[in-house]
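**Student:** I have a structure here, written as structure tokens, and I will follow up with some questions on it.
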Amino acid sequence: MNTVFKRTSVLKDCPTHYCPGCGHGIAHRLVAEVIDELDIQDRTIGIAPVGCAVLAYNYLDVDMVEVAHGRAPAVATGMKRTNPDKIIFSYQGDGDLAAIGTAEIIHAAHRAERITVIFINNAVFGMTGGQMAPTTMLGQVTATTQQGRNPSNGQGYPLQVSEILALLPGTVYVERCALNGVPGIRRTKAAMKHAFQLQMDDAPGLSLVEVLSPCPTYWRMSPAKAMKWIDEQMSRAFPIARLKG
Amino acid sequence: MNERVLMCGNEALAEAAIVAGCDAYFGYPITPQNEITAYMSERMPQEGRVFVQSESELAAINMVFGAAATGKRAMTSSSSPGVSLMQEGISYLAGAELPAVVVNVMRGGPGLGNIAPSQADYFQATRGGGHGDYRTIVLGPSSVQELADCMPLAFDLADQYRMTVMILADGILGQMMEPVTLDPKPRRPLPPKPWALTGMKDRPQNIVRSLYLADGALEELNNRLMAKYQQIQANEVLCEQYRVEDAEIVIVAYGIVARIARAAVDQARDEGICAGMIRPITLWPFPSDQIAAAAETFRVFLTVEMSCGQMVEDVKLAVAGKCPVLLHGRPGGGVPTTDEVLDKIRQLTIRAGAA
């Protein structure tokens, strides 16, 4: 029999805990495929965040650590500095990276840590029940912005962390992609592969891929509509772009 | 470095960590422990090891977490307000059972407090400090030599029991200079680290975690940790008993205060007063059995500490109502003098005589 497609061995064969239509499953698979294709499974250490992806180690078959909320870039620093030959990546959501962990990501980038960051932006705190994230869209209804996010109510504006990070000399590569269809998924995989490759090549700084990712449950829409919402709404506040490198 | 040299406590701690095989140091500046960070910034790279000045104490303890998760010997140091910030990370280290060494050169609190010496973080250090059901081993050295000797012990205990070991010093110990010999001590046999994250070459996946969602799974972890803590309580207590044998008044003091109390005990003895001292070196595990044994014959216990009275609670728990336990506490940067302590001893002698 001629095999035309098989699941990458870096992705474990197990049922998912993610909601229907969630982007994490796709993003996990892309990370797994990239690790497989780059043949770095035996020297990669992953960092799972606090949030929906806290159980990422149940799916990704690489050595993994689960860390305090937002602190992944600091943990990654400790790992990479003591193990420069290992490939260290963090997988962080928007609450983790753009809210509680802002200091850690800014300073890891500022120190030019040679790590790879996969930043999943789904514009909401998923695990705790759909509260406003720093990346929540204006007008977006969440558990804590029930009238829609409104800056005049002191709820602020969508925080564009990738643009901030791209300004820092310590980043070598920053790209924003979206899981909004097959072309977007392919582009996301290529970006992730590049980000890992840079670390393998010992490029002098941090590489980050922001992934606009659907959360149909807390966006209160069907999976198909969520994909469309990324196209029509989310990518306006968060333009799909290679921001640096 | 085996010769006797004059060093300040902070630098002795730092050099002792290097001798003890510390692979990585992560720290954020705070007085009165800045000499450690400055010393490490110079010496660690010379040794081909890792030094990172972090953006906060939160980051520092999480860098320690990262290095420790890969099986490396990692440490950080700070002072009271900074150690408060580290409590999140220390709790995660406990949950993930990672070895780490944390130095707290205590200063006055609460809040920003001051930069004077203090022992007011005793509760925080000996009760775990962060959230959840856990302990850290706490060492309370009382001289620059003992600070240096604590360092290899701290790394060994951390590796043996896979937990945080805290060295609890204070602003005086950190700053004062004394002769010290940094001799690598014979080590206890240490277990390998098959749990470390090193990349899954020739073995299945390793996961370092502190989240246990399944029914009963966390309770099982807590019970396992508790069994480990009981083993430590049984095997790792260190304390010094000074002229306790025939003492009617027993001072309990640790750290720099024990140096002051020792002088007061000697002067009291010169006056014909039978005073002695029990000096806990491990603050957790606390030398409860030694104090309980001393309380078997009637004596008066006087706890002297640079706080409003924290260790005194452990002394009372150990004495269990068998003898009076009194406190002489100096908070907020106040340091008890020998005369002050001697005065207390004299007063207690009169009381004991009247009784």
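By order in the structure tokens, chains are A, B, ...; within a chain, residues start at 1; ligands start at 1, following the order shown.
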Which chain A residues have any atom within 6 Å of an atom of chain B, and for each, what is the nearest pair of atoms with distance in Å to one decimal, counting only C-alpha atoms, rows sorted by chain and number, as a tab-separated table?

**Tutor:**
```
residue	atom	partner	partner_atom	distance
A:Asp42	CA	B:Met200	CA	4.6
A:Arg43	CA	B:Gly199	CA	4.1
A:Thr44	CA	B:Gly199	CA	5.4
A:Val62	CA	B:Gln205	CA	5.6
A:Asp63	CA	B:Asn206	CA	4.9
A:Met64	CA	B:Ile207	CA	5.0
A:Val65	CA	B:Val208	CA	4.6
A:Glu66	CA	B:Arg209	CA	5.0
A:Ala74	CA	B:Met63	CA	5.1
A:Val75	CA	B:Gly66	CA	4.2
A:Thr77	CA	B:Met63	CA	6.0
A:Gly78	CA	B:Met63	CA	4.0
A:Met79	CA	B:Ala67	CA	4.7
```

**Student:** Excluding region 146-155 of chain A and its own-chain neighbours fewer than 2 positions away, which residues fall within 10 Å of it when counting only C-alpha atoms? Please give them as a JSON list (two decimals) with C-alpha atoms, in the first residue's frame.

**Tutor:**
```json
[["chain", "number", "residue", "atom", "x", "y", "z"],
["A", 131, "GLN", "CA", -12.77, 36.89, 29.73],
["A", 132, "MET", "CA", -11.26, 39.92, 28.00],
["A", 133, "ALA", "CA", -7.62, 39.53, 26.99],
["A", 134, "PRO", "CA", -5.29, 42.41, 26.09],
["A", 136, "THR", "CA", -9.60, 41.31, 22.64],
["A", 137, "MET", "CA", -11.07, 43.27, 19.70],
["A", 138, "LEU", "CA", -12.89, 46.55, 20.21],
["A", 139, "GLY", "CA", -16.58, 45.81, 20.56],
["A", 140, "GLN", "CA", -15.94, 42.13, 21.28],
["A", 141, "VAL", "CA", -18.28, 40.65, 23.86],
["A", 142, "THR", "CA", -16.53, 38.62, 26.55],
["A", 143, "ALA", "CA", -17.37, 37.49, 30.08],
["A", 144, "THR", "CA", -15.83, 40.69, 31.44],
["A", 157, "TYR", "CA", -7.20, 48.75, 23.05],
["A", 158, "PRO", "CA", -6.02, 45.52, 21.41]]
```

**Student:** Per residue of region 99-176 of chain B within 9 Å of region 231-249 of chain B, what are the shortest atom pair and its distance in Å to one decimal, counting only C-alpha atoms, with rows by chain and residue number, as JSON lines?

**Tutor:**
```
{"residue": "B:Ile137", "atom": "CA", "partner": "B:Ile232", "partner_atom": "CA", "distance": 8.4}
{"residue": "B:Leu139", "atom": "CA", "partner": "B:Leu238", "partner_atom": "CA", "distance": 8.8}
{"residue": "B:Leu157", "atom": "CA", "partner": "B:Glu236", "partner_atom": "CA", "distance": 8.9}
{"residue": "B:Tyr161", "atom": "CA", "partner": "B:Ile232", "partner_atom": "CA", "distance": 8.3}
```

**Student:** When distances are computed from only C-alpha atoms, which of B:Ala158, B:Leu302, B:Val83, B:Ile281 shows the smallest separation from Leu98 (chain B)?

**Tutor:**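 Of the candidates, the smallest distance to Leu98 (chain B) is held by B:Ala158.
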
**Student:** Determine, counting only C-alpha atoms, which protein, DNA and RNA residues have an atom within 8 Å of an atom of Tyr218 (chain A); residues of the same chain fewer than 5 positions away are not included. Present the result as a list of chain:residue names.

**Tutor:**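 Contacts, with the query itself left out: A:Val124, A:Gly126, A:Gly129, A:Gly130, A:Thr142.
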
**Student:** Excluding Leu30 (chain A) and residues on its chain fewer than 4 positions from it, collect all residues at most 8 Å away from it, counting only C-alpha atoms, and give them as a PDB file with C-alpha atoms, in the first residue's frame.

**Tutor:**
```
ATOM      1  CA  ILE A  26      -3.929  22.704  14.335  1.00  0.00           C
ATOM      2  CA  VAL A  34       8.095  21.095  12.085  1.00  0.00           C
ATOM      3  CA  THR A 188       1.897  29.412   9.647  1.00  0.00           C
ATOM      4  CA  LYS A 189       3.796  26.156   9.309  1.00  0.00           C
ATOM      5  CA  MET A 192       7.181  28.120  12.546  1.00  0.00           C
TER       6      MET A 192
END
```

**Student:** Which residues are close to Glu296 (chain B), i.e. within 10 Å by only C-alpha atoms, leaving aside same-chain residues fewer than 2 positions away? Reply as a count of residues only.

**Tutor:** 9

**Student:** Just give me the gap between CA of Asp266 (chain B) and CA of Leu13 (chain B) in Å, one decimal is fine.

**Tutor:**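 Interatomic distance here is 29.0 Å.
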
**Student:** Kindly give the distance, in Å, that separates CA of Gly309 (chain B) and CA of Pro331 (chain B), rounded to a single decimal.

**Tutor:** 8.5 Å

**Student:** Can you pull out the residues contacting Glu340 (chain B)? Cut-off 10 Å, using only C-alpha atoms, and skip same-chain residues under 6 positions away; I want them as a compact mmCIF listing (two decimals) with N, CA and C atoms, in the first residue's frame.

**Tutor:**
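Below is the file that was written, selection.txt:
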```txt
# COMPACT_ATOMS: atom_id res chain seq x y z
N ILE B 260 25.63 37.00 69.35
CA ILE B 260 25.42 37.95 70.45
C ILE B 260 25.03 37.19 71.71
N ALA B 261 24.13 36.22 71.53
CA ALA B 261 23.62 35.46 72.67
C ALA B 261 24.74 34.63 73.31
N ALA B 264 26.58 36.71 75.63
CA ALA B 264 25.78 36.96 76.83
C ALA B 264 25.80 35.74 77.75
N HIS B 328 12.78 37.84 73.63
CA HIS B 328 13.35 39.17 73.49
C HIS B 328 13.51 39.42 72.00
N ARG B 346 19.64 38.07 83.56
CA ARG B 346 19.67 38.42 85.00
C ARG B 346 18.25 38.51 85.56
```

**Student:** May I ask which of the residues B:Ser84, B:Gln230, B:Asp149, B:Gly109 is the closest one to Pro184 (chain B), counting only C-alpha atoms?

**Tutor:**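 Ranking B:Ser84, B:Gln230, B:Asp149, B:Gly109 by distance to Pro184 (chain B), first place goes to B:Asp149.
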
**Student:** When distances are computed from only C-alpha atoms, which of B:Ala320, B:Ala116, B:Leu218, B:Leu153 shows the smallest separation from Gly334 (chain B)?

**Tutor:** B:Ala116

**Student:** Neighbouring residues of Leu208 (chain A) were defined as those with any atom within 8 Å, considering only C-alpha atoms; residues of the same chain fewer than 5 positions away were excluded. Please report them as a PyMOL selection string.

**Tutor:** chain A and resi 116-119+162+171+173-175+195

**Student:** Between B:Tyr28, B:Phe155, B:Tyr134, B:Trp284, which has the minimum distance to Arg224 (chain B) (counting only C-alpha atoms)?

**Tutor:**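 Using only C-alpha atoms, Arg224 (chain B) sits closest to B:Tyr134.
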
**Student:** Give me, as an NGL selection string, the residues of region 175-223 of chain A that a backbone DSSP run labels strand (DSSP E).

**Tutor:** :A and (175-178 or 206-212)

**Student:** Smallest atom-to-atom distance to Arg4 (chain B): which of B:Glu219, B:Glu47, B:Asp343, B:Glu178, using only C-alpha atoms?

**Tutor:**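 Closest candidate: B:Glu178.
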